[in-house]
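Worksheet: one structure, shown below.
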Amino acid sequence: MRYRRVLAWTLAAAAALAAAPPSAAAATAARTNCPRLSTKLDWYGDNRAHLQQVIDERGSCSGHGQHGQVPVAAFDWDNTVTKNDVTDATISWSLRHDKILRPARWRDTSKWLTKEADTALTKACGTDVPVGAPLPTSTNTRCTDEIFEIREDGKTMSGAAAFAGEWNHRRTVPQYAWVPQLFAGHTVAELRSYARKARTEALAAPVGSTRTLGTHTVPAYVRYYDQQRDLIRTLQRAGFDVYIVSAGSEPVTEEWSRGVGVDRAHTIAIRSVLDRRGRITTWNEGCGNVPASQGEAIPYIDGKRCWINQEIYGVEGAAAWQRQDRSHRITVGGGDADTDVTFVDDATGAHLVLNRNKSEIMCRAYDDADGRWVINPMFIEPLPQKTDPYPCSTSAYNEPDGGKGPVLRRDGSVVPDQEDTVY
């Protein structure tokens with residue numbers, strides 16, 4: 001497993017330290033090894049100073065990370081490291097270039113896909129194309145619309161629910177799991193090539209530009225946030241192991257994460273099970289005590305904690321879903337939405353949130369229970385102030401059964417409603 005690389009590095013560092021106790025000169029060198037965040041990039045308020053303090057206290061500047069415990073930072077990807085969603089950009093490119101293969105039955109693509117969605121997709125996309133052949137989505141607007149509407153809103157174009165049944169709403173969401181399932185039949189290399197082409201196209205499109213996809217208007221551009229790229233690289237220079245943890249498709253996320261210096265071994269997202277020919281299937285790898293399935297345990301809300309615990313810290317079984325002790329938790333966590341709230345809250349040094357008006361994570365952020373939450377507006381096209389308070393005391397928490405409830409602190413007390421003040 002990937003975490004073994006981290007543990008091997010840690011054990012090697014510890015052995016070296018034991019063999020050669022630090023001298024006064026070495027201690028002085030450690031104190032001067034203080035990588036700095038760029039002062040040329042704008043952050044809100046004193047956020048840069050807060051993040052710099054954590055980097056200095058937990059990284060190579062203080063000598064931490066050299067005593068057998070490598071500090072870890074983990075970031076969500078879409079709308080945290082980039083502006084706009086790179087998975088959607090890949091879907092958009094693929095639909096416009098006829099890269100979705102016709103399944104034998106649409107209901108085979110997801111265990112939760114409804115009869116209404118199956119019927120809508122079959123009618124819109126037709127049955128003239130042989131099973132396993134590319135659908136003509138570049139010209140068939142109805143097919144493109146049905147696929148994107150289901151991905152975007154979990155509904156058919158007529159408004160019927162596209163997914164139904166039971167699932168843990170803090171471990172998965174069917175339309176997220178459906179994205180890699182749409183690419184069943186392709187190889188990982190093929191999907192990566194589509195992501196690369198979509199990346200080139202999205203980075204070239206002007207900021208603010210849109211395109212028409214079927215009858216949908218979608219963002220045409222994606223941008224790396226300069227501040228986040230600088231933060232990630234500064235953390236790496238300071239001795240942090242930096243990971244990306246995304247609810248997108250892993251081959252797609254990997255093609256983008258390398259643009260901020262994060263390699264495949266440090267990129268965690270939805271992992272498809274491959275068939276004997278090495279082709280993507282509609283099954284995803286599992287986490288903790290949840291085996292491979294059609295999407296029961298993706299990196300989503302509590303699922304992100306599970307994947308971090310399993311892949312980075314080697315926590316196995318049901319324990320991977322639980323909050324770990326401080327030595328087995330990340331130091332810095334960054335996200336933008338409720339899907340990130342659990343792992344960002346687990347961070348021991350700084351909880352960085354880009355404000356996209358998502359209730360559960362913003363309730364945690366504004367409550368600032370440990371004084372370590374760092375809230376920043378989006379760096380490109382930030383949202384205006386939310387006029388109504390976040391309903392923290394009543395309905396901001398996403399319940400496992402899909403309901404809504406109050407956000408609770410660790411002592412069980414209720415987080416009061418919060419005003420939006422960072423925008």
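Every chain in the structure tokens takes a letter, A first, then B, and so on in the order presented; its residues are numbered from 1, and the ligands are numbered from 1 following the presented order.
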For region 220-311 of chain A against region 375-391 of chain A, with a cut-off of 9 Å and counting only C-alpha atoms, what is the closest atom pair and its distance in Å to one decimal for every residue that makes the cut, ordered by chain and number, as a tab-separated table?
residue	atom	partner	partner_atom	distance
A:Arg223	CA	A:Ile380	CA	8.6
A:Tyr225	CA	A:Phe379	CA	6.7
A:Asp226	CA	A:Phe379	CA	8.6
A:Gln227	CA	A:Phe379	CA	7.9
Next item on the list: Please identify all polymer residues within 6 Å of Ser393 (chain A), counting only C-alpha atoms, omitting same-chain residues fewer than 5 positions from it, and present them as a ChimeraX atom specification.
Entry: /A:406,414-417
Margin query: Give me, as JSON, numbers by chain, the residues of region 187-349 of chain A that a backbone DSSP run labels strand (DSSP E or B).
Written below: {"A": [187, 210, 211, 212, 213, 216, 217, 218, 219, 223, 224, 241, 242, 243, 244, 245, 246, 247, 248, 249, 267, 268, 269, 270, 272, 273, 274, 279, 280, 281, 282, 283, 284, 287, 290, 293, 332, 333, 334, 335]}
Item checked: Test item: residues at most 9 Å from region 316-329 of chain A, only C-alpha atoms, excluding those fewer than 6 positions along its chain, as a PyMOL selection string -> chain A and resi 69+71-72+287-290+302-310+342-343+346-348
Next item on the list: Pick out each residue of region 122-217 of chain A that DSSP on the backbone tags as helix (DSSP H, G or I); I need them as JSON, numbers by chain.
Entry: {"A": [122, 123, 124, 125, 141, 142, 143, 144, 145, 146, 147, 148, 149, 150, 151, 152, 153, 174, 175, 176, 177, 178, 179, 180, 181, 182, 188, 189, 190, 191, 192, 193, 194, 195, 196, 197, 198, 199, 200, 201, 202, 203, 204]}
Mind checking which residues fall within 8 Å of Tyr243 (chain A), counting only C-alpha atoms, ignoring those fewer than 2 positions away in the same chain, and posting them as a compact mmCIF listing (two decimals) with C-alpha atoms, in the first residue's frame?
# COMPACT_ATOMS: atom_id res chain seq x y z
CA VAL A 72 1.31 15.75 6.54
CA ALA A 73 -0.88 18.23 4.69
CA ALA A 74 -3.92 17.17 2.67
CA PHE A 75 -6.02 19.20 0.27
CA ASP A 241 4.27 15.21 2.89
CA VAL A 245 -7.72 13.80 -1.54
CA VAL A 262 2.07 16.39 -6.28
CA HIS A 266 0.31 11.35 -3.22
CA THR A 267 -3.00 11.68 -5.10
CA ILE A 268 -6.03 9.91 -3.66
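In this comparison, which uses only C-alpha atoms, the residue of A:Gln236, A:Trp93, A:Thr282, A:Arg276 approaching Gly261 (chain A) most closely is A:Gln236.
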Note to self: Could you list, as a PyMOL selection string, every residue within 12 Å of Met157 (chain A), counting only C-alpha atoms and ignoring same-chain residues fewer than 5 positions away?
What the structure shows: chain A and resi 116-117+119-121+123-124+141-152+162+214-216
Filtering to N, CA and C atoms, could you give me those residues as a PDB file, in the first residue's frame?
ATOM      1  N   GLU A 116     -36.463   5.233 -14.000  1.00  0.00           N
ATOM      2  CA  GLU A 116     -36.753   6.442 -14.769  1.00  0.00           C
ATOM      3  C   GLU A 116     -35.500   6.965 -15.464  1.00  0.00           C
ATOM      4  N   ALA A 117     -34.371   6.922 -14.761  1.00  0.00           N
ATOM      5  CA  ALA A 117     -33.119   7.378 -15.367  1.00  0.00           C
ATOM      6  C   ALA A 117     -32.673   6.425 -16.464  1.00  0.00           C
ATOM      7  N   THR A 119     -34.587   4.590 -18.338  1.00  0.00           N
ATOM      8  CA  THR A 119     -35.462   4.825 -19.489  1.00  0.00           C
ATOM      9  C   THR A 119     -35.087   6.104 -20.215  1.00  0.00           C
ATOM     10  N   ALA A 120     -34.818   7.175 -19.449  1.00  0.00           N
ATOM     11  CA  ALA A 120     -34.469   8.463 -20.057  1.00  0.00           C
ATOM     12  C   ALA A 120     -33.169   8.373 -20.846  1.00  0.00           C
ATOM     13  N   LEU A 121     -32.177   7.714 -20.283  1.00  0.00           N
ATOM     14  CA  LEU A 121     -30.890   7.566 -20.967  1.00  0.00           C
ATOM     15  C   LEU A 121     -31.016   6.685 -22.209  1.00  0.00           C
ATOM     16  N   LYS A 123     -33.718   6.218 -24.066  1.00  0.00           N
ATOM     17  CA  LYS A 123     -34.437   6.951 -25.103  1.00  0.00           C
ATOM     18  C   LYS A 123     -33.559   8.037 -25.722  1.00  0.00           C
ATOM     19  N   ALA A 124     -32.830   8.752 -24.873  1.00  0.00           N
ATOM     20  CA  ALA A 124     -32.037   9.878 -25.373  1.00  0.00           C
ATOM     21  C   ALA A 124     -30.816   9.417 -26.165  1.00  0.00           C
ATOM     22  N   THR A 141     -27.666  15.931 -28.782  1.00  0.00           N
ATOM     23  CA  THR A 141     -27.853  16.839 -27.657  1.00  0.00           C
ATOM     24  C   THR A 141     -28.670  16.206 -26.542  1.00  0.00           C
ATOM     25  N   ARG A 142     -29.673  15.418 -26.891  1.00  0.00           N
ATOM     26  CA  ARG A 142     -30.514  14.801 -25.863  1.00  0.00           C
ATOM     27  C   ARG A 142     -29.705  13.861 -24.980  1.00  0.00           C
ATOM     28  N   CYS A 143     -28.841  13.073 -25.585  1.00  0.00           N
ATOM     29  CA  CYS A 143     -28.010  12.146 -24.817  1.00  0.00           C
ATOM     30  C   CYS A 143     -27.055  12.903 -23.900  1.00  0.00           C
ATOM     31  N   THR A 144     -26.401  13.916 -24.459  1.00  0.00           N
ATOM     32  CA  THR A 144     -25.479  14.737 -23.675  1.00  0.00           C
ATOM     33  C   THR A 144     -26.204  15.380 -22.498  1.00  0.00           C
ATOM     34  N   ASP A 145     -27.394  15.922 -22.734  1.00  0.00           N
ATOM     35  CA  ASP A 145     -28.153  16.574 -21.673  1.00  0.00           C
ATOM     36  C   ASP A 145     -28.506  15.603 -20.547  1.00  0.00           C
ATOM     37  N   GLU A 146     -28.974  14.423 -20.884  1.00  0.00           N
ATOM     38  CA  GLU A 146     -29.361  13.465 -19.853  1.00  0.00           C
ATOM     39  C   GLU A 146     -28.161  13.067 -19.002  1.00  0.00           C
ATOM     40  N   ILE A 147     -27.039  12.776 -19.653  1.00  0.00           N
ATOM     41  CA  ILE A 147     -25.846  12.365 -18.907  1.00  0.00           C
ATOM     42  C   ILE A 147     -25.381  13.485 -17.981  1.00  0.00           C
ATOM     43  N   PHE A 148     -25.310  14.701 -18.497  1.00  0.00           N
ATOM     44  CA  PHE A 148     -24.766  15.785 -17.672  1.00  0.00           C
ATOM     45  C   PHE A 148     -25.738  16.191 -16.570  1.00  0.00           C
ATOM     46  N   GLU A 149     -27.017  16.176 -16.841  1.00  0.00           N
ATOM     47  CA  GLU A 149     -27.999  16.527 -15.814  1.00  0.00           C
ATOM     48  C   GLU A 149     -27.950  15.537 -14.651  1.00  0.00           C
ATOM     49  N   ILE A 150     -27.807  14.266 -14.975  1.00  0.00           N
ATOM     50  CA  ILE A 150     -27.710  13.251 -13.928  1.00  0.00           C
ATOM     51  C   ILE A 150     -26.434  13.436 -13.124  1.00  0.00           C
ATOM     52  N   ARG A 151     -25.332  13.702 -13.795  1.00  0.00           N
ATOM     53  CA  ARG A 151     -24.073  13.961 -13.094  1.00  0.00           C
ATOM     54  C   ARG A 151     -24.179  15.217 -12.231  1.00  0.00           C
ATOM     55  N   GLU A 152     -24.785  16.266 -12.751  1.00  0.00           N
ATOM     56  CA  GLU A 152     -24.800  17.560 -12.083  1.00  0.00           C
ATOM     57  C   GLU A 152     -25.792  17.612 -10.926  1.00  0.00           C
ATOM     58  N   ALA A 162     -32.752  10.465 -10.351  1.00  0.00           N
ATOM     59  CA  ALA A 162     -31.919   9.535 -11.117  1.00  0.00           C
ATOM     60  C   ALA A 162     -31.342   8.429 -10.251  1.00  0.00           C
ATOM     61  N   GLY A 214     -24.739  20.389 -24.645  1.00  0.00           N
ATOM     62  CA  GLY A 214     -26.147  20.077 -24.845  1.00  0.00           C
ATOM     63  C   GLY A 214     -26.919  21.376 -24.770  1.00  0.00           C
ATOM     64  N   THR A 215     -27.812  21.483 -23.797  1.00  0.00           N
ATOM     65  CA  THR A 215     -28.487  22.765 -23.543  1.00  0.00           C
ATOM     66  C   THR A 215     -28.024  23.377 -22.228  1.00  0.00           C
ATOM     67  N   HIS A 216     -26.993  22.791 -21.615  1.00  0.00           N
ATOM     68  CA  HIS A 216     -26.441  23.311 -20.369  1.00  0.00           C
ATOM     69  C   HIS A 216     -25.354  24.350 -20.662  1.00  0.00           C
TER      70      HIS A 216
END
Checklist line | Of the listed residues A:Ser193, A:Ser94, A:Asn79, A:Asn168, that which approaches Pro136 (chain A) most closely, counting only C-alpha atoms | finding: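 Residue with the minimum atom-to-atom distance to Pro136 (chain A): A:Ser94.
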Check: Please, what distance in Å, to one decimal, runs between CA of Asp338 (chain A) and CA of Arg171 (chain A)?
Finding: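 Here the two named atoms are 11.8 Å from each other.
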Next item on the list: Name all residues at most 12 Å from Asp230 (chain A) (count only C-alpha atoms; drop same-chain ones fewer than 5 positions away) and give them as number ranges by chain.
Entry: A: 35-43, 48, 51-52, 81, 224-225, 235-237, 259-261
Save the residues we just selected, N, CA, C and O atoms, as a short mmCIF file (atom, residue, chain, number, x, y, z; two decimals), in the first residue's frame?
data_model
loop_
_atom_site.label_atom_id
_atom_site.label_comp_id
_atom_site.auth_asym_id
_atom_site.auth_seq_id
_atom_site.Cartn_x
_atom_site.Cartn_y
_atom_site.Cartn_z
N PRO A 35 11.22 27.88 4.92
CA PRO A 35 10.62 28.29 3.65
C PRO A 35 9.46 29.25 3.89
O PRO A 35 8.66 29.08 4.81
N ARG A 36 9.36 30.27 3.02
CA ARG A 36 8.37 31.33 3.23
C ARG A 36 7.33 31.33 2.14
O ARG A 36 7.62 31.12 0.95
N LEU A 37 6.10 31.61 2.52
CA LEU A 37 5.04 31.86 1.55
C LEU A 37 5.30 33.17 0.84
O LEU A 37 5.80 34.13 1.45
N SER A 38 4.98 33.23 -0.42
CA SER A 38 5.21 34.44 -1.20
C SER A 38 4.40 35.62 -0.66
O SER A 38 3.21 35.49 -0.37
N THR A 39 5.06 36.76 -0.53
CA THR A 39 4.37 37.98 -0.09
C THR A 39 3.77 38.72 -1.28
O THR A 39 3.12 39.76 -1.10
N LYS A 40 3.97 38.20 -2.49
CA LYS A 40 3.43 38.83 -3.69
C LYS A 40 2.02 38.34 -4.03
O LYS A 40 1.37 38.88 -4.93
N LEU A 41 1.57 37.31 -3.32
CA LEU A 41 0.25 36.74 -3.57
C LEU A 41 -0.70 37.14 -2.45
O LEU A 41 -0.37 37.03 -1.27
N ASP A 42 -1.88 37.59 -2.82
CA ASP A 42 -2.83 38.12 -1.85
C ASP A 42 -3.57 37.01 -1.10
O ASP A 42 -4.09 36.07 -1.71
N TRP A 43 -3.63 37.14 0.21
CA TRP A 43 -4.47 36.32 1.07
C TRP A 43 -5.39 37.26 1.85
O TRP A 43 -5.08 38.44 2.03
N ARG A 48 -2.15 34.53 5.63
CA ARG A 48 -0.80 34.10 5.28
C ARG A 48 0.04 33.92 6.55
O ARG A 48 0.79 32.93 6.69
N LEU A 51 -0.90 30.67 8.41
CA LEU A 51 -0.37 29.49 7.75
C LEU A 51 1.14 29.42 7.90
O LEU A 51 1.71 28.34 8.11
N GLN A 52 1.81 30.56 7.78
CA GLN A 52 3.27 30.58 7.93
C GLN A 52 3.68 30.12 9.32
O GLN A 52 4.67 29.40 9.49
N VAL A 81 -7.86 23.72 -4.84
CA VAL A 81 -6.57 24.01 -5.48
C VAL A 81 -6.79 24.66 -6.84
O VAL A 81 -5.96 25.45 -7.30
N TYR A 224 -5.44 27.01 -11.91
CA TYR A 224 -4.78 26.73 -10.64
C TYR A 224 -4.77 28.02 -9.83
O TYR A 224 -4.49 29.10 -10.36
N TYR A 225 -5.05 27.91 -8.55
CA TYR A 225 -4.90 29.06 -7.67
C TYR A 225 -3.41 29.24 -7.36
O TYR A 225 -2.76 28.33 -6.83
N LEU A 235 5.02 24.11 1.75
CA LEU A 235 4.90 22.99 2.68
C LEU A 235 5.88 21.88 2.33
O LEU A 235 6.55 21.31 3.22
N GLN A 236 6.00 21.57 1.05
CA GLN A 236 6.93 20.52 0.63
C GLN A 236 8.36 20.90 0.96
O GLN A 236 9.14 20.07 1.46
N ARG A 237 8.74 22.15 0.73
CA ARG A 237 10.10 22.59 1.06
C ARG A 237 10.36 22.54 2.55
O ARG A 237 11.50 22.38 2.99
N GLY A 259 0.54 19.37 -11.72
CA GLY A 259 0.77 20.78 -12.00
C GLY A 259 1.11 21.60 -10.77
O GLY A 259 1.55 22.75 -10.89
N VAL A 260 0.91 21.02 -9.58
CA VAL A 260 1.33 21.70 -8.35
C VAL A 260 2.42 20.90 -7.64
O VAL A 260 2.71 21.11 -6.46
N GLY A 261 3.03 19.95 -8.37
CA GLY A 261 4.15 19.20 -7.81
C GLY A 261 3.75 18.04 -6.92
O GLY A 261 4.57 17.56 -6.12
#
Would you mind listing, for every residue of region 184-283 of chain A within 12 Å of region 298-301 of chain A, the two atoms forming the shortest contact and the distance between them in Å to one decimal, using only C-alpha atoms, sorted by chain and ascending residue number, as a tab-separated table?
residue	atom	partner	partner_atom	distance
A:Ile244	CA	A:Pro299	CA	10.8
A:Val245	CA	A:Pro299	CA	7.0
A:Ser246	CA	A:Pro299	CA	6.2
A:Ala247	CA	A:Pro299	CA	5.0
A:Gly248	CA	A:Pro299	CA	8.3
A:Ser249	CA	A:Ile298	CA	9.9
A:Glu250	CA	A:Pro299	CA	10.4
A:Thr267	CA	A:Pro299	CA	11.5
A:Ile268	CA	A:Pro299	CA	8.0
A:Ala269	CA	A:Pro299	CA	6.2
A:Ile270	CA	A:Ile298	CA	5.8
A:Arg271	CA	A:Ile298	CA	8.3
A:Ser272	CA	A:Ile298	CA	10.3
A:Trp283	CA	A:Ile298	CA	11.0
Generate a file of the selected residues that holds N, CA and C atoms, formatted as a short mmCIF file (atom, residue, chain, number, x, y, z; two decimals), in the first residue's frame.
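Result saved to part_5.cif:
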data_model
loop_
_atom_site.label_atom_id
_atom_site.label_comp_id
_atom_site.auth_asym_id
_atom_site.auth_seq_id
_atom_site.Cartn_x
_atom_site.Cartn_y
_atom_site.Cartn_z
N ILE A 244 -3.19 15.06 -2.12
CA ILE A 244 -4.48 15.51 -2.64
C ILE A 244 -5.48 14.40 -2.36
N VAL A 245 -6.66 14.77 -1.84
CA VAL A 245 -7.72 13.80 -1.54
C VAL A 245 -9.01 14.33 -2.16
N SER A 246 -9.44 13.69 -3.23
CA SER A 246 -10.54 14.23 -4.04
C SER A 246 -11.65 13.20 -4.23
N ALA A 247 -12.87 13.70 -4.39
CA ALA A 247 -14.01 12.83 -4.73
C ALA A 247 -14.19 12.73 -6.24
N GLY A 248 -13.17 13.10 -6.99
CA GLY A 248 -13.19 12.93 -8.43
C GLY A 248 -12.58 11.60 -8.84
N SER A 249 -12.48 11.37 -10.13
CA SER A 249 -11.86 10.16 -10.65
C SER A 249 -10.35 10.27 -10.51
N GLU A 250 -9.71 9.22 -9.98
CA GLU A 250 -8.28 9.32 -9.66
C GLU A 250 -7.39 9.60 -10.88
N THR A 267 -1.68 11.26 -4.63
CA THR A 267 -3.00 11.68 -5.10
C THR A 267 -4.00 10.57 -4.84
N ILE A 268 -5.01 10.87 -4.04
CA ILE A 268 -6.03 9.91 -3.66
C ILE A 268 -7.38 10.39 -4.18
N ALA A 269 -8.08 9.57 -4.94
CA ALA A 269 -9.42 9.90 -5.42
C ALA A 269 -10.17 8.59 -5.64
N ILE A 270 -11.29 8.63 -6.36
CA ILE A 270 -12.07 7.41 -6.58
C ILE A 270 -11.26 6.47 -7.47
N ARG A 271 -11.00 5.27 -6.96
CA ARG A 271 -10.20 4.29 -7.68
C ARG A 271 -11.09 3.20 -8.27
N SER A 272 -11.07 3.10 -9.56
CA SER A 272 -11.88 2.08 -10.23
C SER A 272 -11.20 0.71 -10.16
N TRP A 283 -17.07 -0.81 -10.85
CA TRP A 283 -16.78 -1.04 -9.44
C TRP A 283 -15.64 -0.14 -8.98
#
Check: When distances are computed from only C-alpha atoms, which of A:Leu354, A:Ala297, A:Val242, A:Cys34 shows the smallest separation from Ile330 (chain A)?
Finding: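 Looking only at the distances to Ile330 (chain A), the closest residue turns out to be A:Val242.
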Item checked: Selection: 9 Å around region 196-202 of chain A, only C-alpha atoms, excl. self and same-chain fewer than 5 positions, as a PyMOL selection string -> chain A and resi 86+89-94+191+219-223+252+255-256
